[in-house]
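Raw protein12.pdb, PDB, C-alpha atoms, pLDDT in the B column:
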ATOM      1  CA  MET A  50       2.572  12.505   2.272  1.00 44.00           C
ATOM      2  CA  ILE A  51      -1.184  12.426   2.854  1.00 52.00           C
ATOM      3  CA  MET A  52      -2.232  13.664   6.268  1.00 54.00           C
ATOM      4  CA  ASN A  53      -4.979  12.195   8.354  1.00 69.00           C
ATOM      5  CA  ASP A  54      -8.045  14.419   8.812  1.00 84.00           C
ATOM      6  CA  LYS A  55      -9.591  12.488  11.719  1.00 91.00           C
ATOM      7  CA  ASN A  56      -8.720  11.404  15.225  1.00 96.00           C
ATOM      8  CA  ILE A  57      -8.655   7.620  14.944  1.00 96.00           C
ATOM      9  CA  LEU A  58      -8.801   5.029  17.711  1.00 98.00           C
ATOM     10  CA  ALA A  59      -7.568   1.514  16.905  1.00 97.00           C
ATOM     11  CA  ILE A  60      -8.680  -1.454  18.976  1.00 97.00           C
ATOM     12  CA  ASP A  61      -7.032  -4.847  19.385  1.00 96.00           C
ATOM     13  CA  TYR A  62      -9.761  -6.963  21.003  1.00 96.00           C
ATOM     14  CA  GLY A  63      -8.911  -9.731  23.423  1.00 93.00           C
ATOM     15  CA  THR A  64     -11.037 -11.726  25.829  1.00 94.00           C
ATOM     16  CA  LYS A  65      -8.848 -10.642  28.782  1.00 95.00           C
ATOM     17  CA  ARG A  66      -7.361  -7.335  27.624  1.00 95.00           C
ATOM     18  CA  ILE A  67      -8.115  -4.787  24.909  1.00 97.00           C
ATOM     19  CA  GLY A  68      -5.337  -2.663  23.434  1.00 96.00           C
ATOM     20  CA  PHE A  69      -5.793   0.845  22.053  1.00 98.00           C
ATOM     21  CA  ALA A  70      -3.738   3.119  19.807  1.00 97.00           C
ATOM     22  CA  ILE A  71      -4.459   6.605  18.499  1.00 98.00           C
ATOM     23  CA  CYS A  72      -3.609   8.645  15.439  1.00 95.00           C
ATOM     24  CA  TYR A  73      -4.404  12.311  15.932  1.00 94.00           C
ATOM     25  CA  GLN A  74      -5.742  14.618  13.256  1.00 88.00           C
ATOM     26  CA  GLN A  75      -3.143  16.077  10.895  1.00 81.00           C
ATOM     27  CA  THR A  76      -0.563  13.392  11.665  1.00 83.00           C
ATOM     28  CA  SER A  77       0.384  10.278   9.778  1.00 79.00           C
ATOM     29  CA  PHE A  78       1.598   8.084  12.619  1.00 86.00           C
ATOM     30  CA  SER A  79      -0.003   6.000  15.330  1.00 92.00           C
ATOM     31  CA  ILE A  80       0.947   5.829  18.984  1.00 94.00           C
ATOM     32  CA  PRO A  81       0.171   3.202  21.627  1.00 94.00           C
ATOM     33  CA  TYR A  82      -2.477   4.574  23.978  1.00 96.00           C
ATOM     34  CA  ILE A  83      -3.645   2.186  26.709  1.00 96.00           C
ATOM     35  CA  THR A  84      -4.509  -1.415  27.542  1.00 95.00           C
ATOM     36  CA  LEU A  85      -7.740  -2.049  29.439  1.00 97.00           C
ATOM     37  CA  GLU A  86      -9.064  -5.132  31.151  1.00 96.00           C
ATOM     38  CA  ASN A  87     -12.000  -6.585  29.214  1.00 97.00           C
ATOM     39  CA  ASN A  88     -14.732  -6.400  31.837  1.00 97.00           C
ATOM     40  CA  ASP A  89     -18.243  -5.036  32.384  1.00 94.00           C
ATOM     41  CA  SER A  90     -17.078  -1.406  32.450  1.00 96.00           C
ATOM     42  CA  VAL A  91     -15.034  -1.502  29.244  1.00 97.00           C
ATOM     43  CA  PHE A  92     -17.624   0.304  27.075  1.00 97.00           C
ATOM     44  CA  ILE A  93     -17.888   3.130  29.611  1.00 97.00           C
ATOM     45  CA  LYS A  94     -14.093   3.483  29.435  1.00 98.00           C
ATOM     46  CA  ILE A  95     -14.066   3.339  25.617  1.00 98.00           C
ATOM     47  CA  LYS A  96     -16.788   6.017  25.470  1.00 98.00           C
ATOM     48  CA  LYS A  97     -14.673   8.203  27.771  1.00 98.00           C
ATOM     49  CA  ILE A  98     -11.634   7.773  25.496  1.00 98.00           C
ATOM     50  CA  VAL A  99     -13.748   8.614  22.434  1.00 98.00           C
ATOM     51  CA  ASP A 100     -15.099  11.753  24.128  1.00 97.00           C
ATOM     52  CA  ASP A 101     -11.839  12.892  25.770  1.00 97.00           C
ATOM     53  CA  GLU A 102      -9.728  12.400  22.638  1.00 96.00           C
ATOM     54  CA  PHE A 103     -12.390  13.657  20.178  1.00 96.00           C
ATOM     55  CA  ILE A 104     -12.317  10.384  18.231  1.00 97.00           C
ATOM     56  CA  ASP A 105     -14.000  10.476  14.794  1.00 96.00           C
ATOM     57  CA  LEU A 106     -13.343   6.900  13.671  1.00 96.00           C
ATOM     58  CA  ILE A 107     -12.654   3.512  15.245  1.00 97.00           C
ATOM     59  CA  VAL A 108     -10.498   0.915  13.500  1.00 97.00           C
ATOM     60  CA  LEU A 109     -11.144  -2.553  14.903  1.00 96.00           C
ATOM     61  CA  GLY A 110      -8.775  -5.438  14.282  1.00 93.00           C
ATOM     62  CA  PHE A 111     -10.535  -8.410  12.700  1.00 89.00           C
ATOM     63  CA  PRO A 112      -8.835 -11.628  11.564  1.00 82.00           C
ATOM     64  CA  LYS A 113      -9.122 -12.663   7.931  1.00 76.00           C
ATOM     65  CA  THR A 114     -11.362 -15.611   7.236  1.00 67.00           C
ATOM     66  CA  ILE A 115     -10.223 -18.585   5.212  1.00 66.00           C
ATOM     67  CA  ASN A 116     -12.892 -20.040   2.929  1.00 64.00           C
ATOM     68  CA  ASN A 117     -15.518 -18.040   4.864  1.00 66.00           C
ATOM     69  CA  TYR A 118     -14.805 -20.106   7.991  1.00 62.00           C
ATOM     70  CA  VAL A 119     -16.138 -18.310  11.060  1.00 61.00           C
ATOM     71  CA  SER A 120     -14.087 -19.189  14.126  1.00 75.00           C
ATOM     72  CA  GLU A 121     -14.932 -18.655  17.781  1.00 81.00           C
ATOM     73  CA  ARG A 122     -12.641 -15.587  17.663  1.00 79.00           C
ATOM     74  CA  HIS A 123     -14.695 -14.144  14.785  1.00 81.00           C
ATOM     75  CA  GLN A 124     -17.876 -14.675  16.794  1.00 90.00           C
ATOM     76  CA  LEU A 125     -16.381 -12.955  19.851  1.00 93.00           C
ATOM     77  CA  ILE A 126     -15.190  -9.969  17.827  1.00 92.00           C
ATOM     78  CA  ASN A 127     -18.549  -9.732  16.033  1.00 92.00           C
ATOM     79  CA  ALA A 128     -20.326  -9.623  19.409  1.00 94.00           C
ATOM     80  CA  PHE A 129     -17.870  -6.938  20.595  1.00 96.00           C
ATOM     81  CA  LEU A 130     -18.433  -5.003  17.343  1.00 95.00           C
ATOM     82  CA  LYS A 131     -22.207  -5.059  17.853  1.00 96.00           C
ATOM     83  CA  ASP A 132     -21.828  -3.828  21.437  1.00 96.00           C
ATOM     84  CA  LEU A 133     -19.350  -1.177  20.284  1.00 96.00           C
ATOM     85  CA  LYS A 134     -21.830   0.109  17.683  1.00 96.00           C
ATOM     86  CA  ASP A 135     -24.656   0.111  20.240  1.00 95.00           C
ATOM     87  CA  ASN A 136     -22.635   1.886  22.948  1.00 94.00           C
ATOM     88  CA  ILE A 137     -20.331   4.255  21.078  1.00 95.00           C
ATOM     89  CA  GLY A 138     -22.151   5.297  17.918  1.00 90.00           C
ATOM     90  CA  ILE A 139     -19.348   6.421  15.597  1.00 95.00           C
ATOM     91  CA  GLU A 140     -18.017   4.955  12.351  1.00 96.00           C
ATOM     92  CA  ILE A 141     -16.153   1.662  12.757  1.00 97.00           C
ATOM     93  CA  ILE A 142     -13.913   0.104  10.110  1.00 95.00           C
ATOM     94  CA  LEU A 143     -12.597  -3.462  10.279  1.00 94.00           C
ATOM     95  CA  VAL A 144      -8.906  -3.971   9.471  1.00 92.00           C
ATOM     96  CA  ASP A 145      -7.028  -7.254   9.147  1.00 83.00           C
ATOM     97  CA  GLU A 146      -5.331  -7.997  12.449  1.00 72.00           C
ATOM     98  CA  SER A 147      -3.685 -11.240  11.376  1.00 64.00           C
ATOM     99  CA  TYR A 148      -0.431 -11.809  13.283  1.00 52.00           C
ATOM    100  CA  SER A 149      -0.430  -8.298  14.792  1.00 54.00           C
ATOM    101  CA  SER A 150       0.263  -9.698  18.280  1.00 55.00           C
ATOM    102  CA  VAL A 151       3.096 -11.869  16.969  1.00 52.00           C
ATOM    103  CA  GLU A 152       4.539  -8.880  15.104  1.00 53.00           C
ATOM    104  CA  SER A 153       4.228  -6.700  18.212  1.00 51.00           C
ATOM    105  CA  VAL A 154       6.103  -9.153  20.442  1.00 50.00           C
ATOM    106  CA  SER A 155       8.746  -9.750  17.765  1.00 59.00           C
ATOM    107  CA  LEU A 156       9.430  -6.016  17.372  1.00 53.00           C
ATOM    108  CA  GLN A 157       9.706  -5.523  21.119  1.00 49.00           C
ATOM    109  CA  LYS A 158      12.139  -8.433  21.435  1.00 50.00           C
ATOM    110  CA  GLU A 159      14.220  -6.932  18.616  1.00 59.00           C
ATOM    111  CA  PHE A 160      14.662  -3.854  20.785  1.00 53.00           C
ATOM    112  CA  ASN A 161      15.605  -5.990  23.814  1.00 55.00           C
ATOM    113  CA  ILE A 162      12.505  -5.040  25.778  1.00 56.00           C
ATOM    114  CA  LYS A 163      12.039  -7.195  28.879  1.00 55.00           C
ATOM    115  CA  SER A 164       9.330  -9.870  28.915  1.00 56.00           C
ATOM    116  CA  LYS A 165       7.443  -8.173  31.759  1.00 56.00           C
ATOM    117  CA  SER A 166       7.204  -4.939  29.749  1.00 55.00           C
ATOM    118  CA  ILE A 167       6.218  -6.836  26.609  1.00 47.00           C
ATOM    119  CA  LYS A 168       3.279  -8.423  28.409  1.00 58.00           C
ATOM    120  CA  LYS A 169       2.087  -5.021  29.682  1.00 63.00           C
ATOM    121  CA  THR A 170       2.231  -3.287  26.291  1.00 69.00           C
ATOM    122  CA  LYS A 171       1.626  -6.097  23.776  1.00 73.00           C
ATOM    123  CA  ASP A 172      -2.063  -5.295  23.259  1.00 87.00           C
ATOM    124  CA  GLN A 173      -1.663  -1.558  22.727  1.00 89.00           C
ATOM    125  CA  ASN A 174       1.308  -2.173  20.446  1.00 87.00           C
ATOM    126  CA  SER A 175      -0.810  -4.644  18.461  1.00 89.00           C
ATOM    127  CA  ALA A 176      -3.447  -1.902  18.146  1.00 94.00           C
ATOM    128  CA  THR A 177      -0.703   0.385  16.822  1.00 93.00           C
ATOM    129  CA  ILE A 178       0.146  -2.180  14.133  1.00 90.00           C
ATOM    130  CA  ILE A 179      -3.541  -2.475  13.191  1.00 94.00           C
ATOM    131  CA  LEU A 180      -3.793   1.316  12.945  1.00 95.00           C
ATOM    132  CA  ASP A 181      -0.622   1.484  10.838  1.00 91.00           C
ATOM    133  CA  ARG A 182      -2.128  -1.065   8.447  1.00 89.00           C
ATOM    134  CA  TYR A 183      -5.170   1.178   8.065  1.00 93.00           C
ATOM    135  CA  LEU A 184      -3.081   4.333   7.601  1.00 92.00           C
ATOM    136  CA  ASN A 185      -0.853   2.614   5.022  1.00 86.00           C
ATOM    137  CA  ASN A 186      -3.852   2.542   2.674  1.00 81.00           C
ATOM    138  CA  PHE A 187      -3.463   6.323   2.346  1.00 72.00           C
ATOM    139  CA  ARG A 188       0.317   6.619   2.034  1.00 58.00           C
TER     140      ARG A 188
END
If you took the structure in this file and wrote it as structure tokens, what would it be?
Amino acid sequence: MIMNDKNILAIDYGTKRIGFAICYQQTSFSIPYITLENNDSVFIKIKKIVDDEFIDLIVLGFPKTINNYVSERHQLINAFLKDLKDNIGIEIILVDESYSSVESVSLQKEFNIKSKSIKKTKDQNSATIILDRYLNNFR
């Protein structure tokens, strides 16, 4: 098994909430971290996470395009990506996030997790799926 040599923060961007997951150095698994409201202070909070957790790399969920079609969601994530680069200043890699939210909810329902809990953790669990997709490239 190949071990990770960086602390990695995964982000599942949403217009209302942003989910985060982390994979710490020398491990090969991701863990849900936190869900934040997407508001004016979000980049200050992300910078604090990056500093507090010694993050070396950010993995940002980005939906696949079909026939180079750029949707409103792509435009929103691109704007967030630009702001992230301007405010945080570490390496950022885009990873396909297609259906990560659907997969997250489905997995939680499989384990009989209550709807209220699913809503609270869906975004950070989606970030965990995005991070797992990135890590699977090295397994």
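The shortest atom-to-atom distance to A:Ile57, with all atoms listed in the file taken into account, belongs to A:Gln74 out of A:Ala176, A:Gln74, A:Asp132, A:Asn127.
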task = Find, counting all atoms listed in the file, the residue in A:Leu180, A:Ala59, A:Leu143, A:Leu125 that gets nearest to A:Lys113.
result = A:Leu143
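Distances from A:Val144, A:Lys94, A:Lys171, A:Pro112 to A:Asn186 were compared using all atoms listed in the file, and the smallest one belongs to A:Val144.
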Matched chain/residue IDs from the PyMOL selection byres ((chain A and resi 72) around 10), as an mmCIF file with C-alpha atoms, keeping the file's coordinate frame:
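Resulting contents of selection-v6.cif:
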data_model
loop_
_atom_site.group_PDB
_atom_site.id
_atom_site.type_symbol
_atom_site.label_atom_id
_atom_site.label_comp_id
_atom_site.auth_asym_id
_atom_site.auth_seq_id
_atom_site.Cartn_x
_atom_site.Cartn_y
_atom_site.Cartn_z
ATOM 1 C CA ASN A 53 -4.979 12.195 8.354
ATOM 2 C CA ASP A 54 -8.045 14.419 8.812
ATOM 3 C CA LYS A 55 -9.591 12.488 11.719
ATOM 4 C CA ASN A 56 -8.720 11.404 15.225
ATOM 5 C CA ILE A 57 -8.655 7.620 14.944
ATOM 6 C CA LEU A 58 -8.801 5.029 17.711
ATOM 7 C CA ALA A 59 -7.568 1.514 16.905
ATOM 8 C CA ALA A 70 -3.738 3.119 19.807
ATOM 9 C CA ILE A 71 -4.459 6.605 18.499
ATOM 10 C CA TYR A 73 -4.404 12.311 15.932
ATOM 11 C CA GLN A 74 -5.742 14.618 13.256
ATOM 12 C CA GLN A 75 -3.143 16.077 10.895
ATOM 13 C CA THR A 76 -0.563 13.392 11.665
ATOM 14 C CA SER A 77 0.384 10.278 9.778
ATOM 15 C CA PHE A 78 1.598 8.084 12.619
ATOM 16 C CA SER A 79 -0.003 6.000 15.330
ATOM 17 C CA ILE A 80 0.947 5.829 18.984
ATOM 18 C CA PRO A 81 0.171 3.202 21.627
ATOM 19 C CA TYR A 82 -2.477 4.574 23.978
ATOM 20 C CA ILE A 104 -12.317 10.384 18.231
ATOM 21 C CA THR A 177 -0.703 0.385 16.822
ATOM 22 C CA LEU A 180 -3.793 1.316 12.945
ATOM 23 C CA ASP A 181 -0.622 1.484 10.838
ATOM 24 C CA LEU A 184 -3.081 4.333 7.601
#
ask   = atom CA of A:Ser120 to atom CA of A:Lys65: how many Å, to one decimal?
value = 17.8 Å
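The two atoms in question, atom CA of A:Gln124 and atom CA of A:Tyr62, are spaced 12.0 Å apart.
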message = I need the output of the PyMOL selection byres ((chain A and resi 95) around 12) for this file as an NGL selection string; which residues are they?
response = :A and (58-60 or 67-70 or 82-94 or 96-104 or 107 or 132-134 or 136-139)
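The coordinates place atom CA of A:Ser175 at 19.7 Å from atom CA of A:Phe187.
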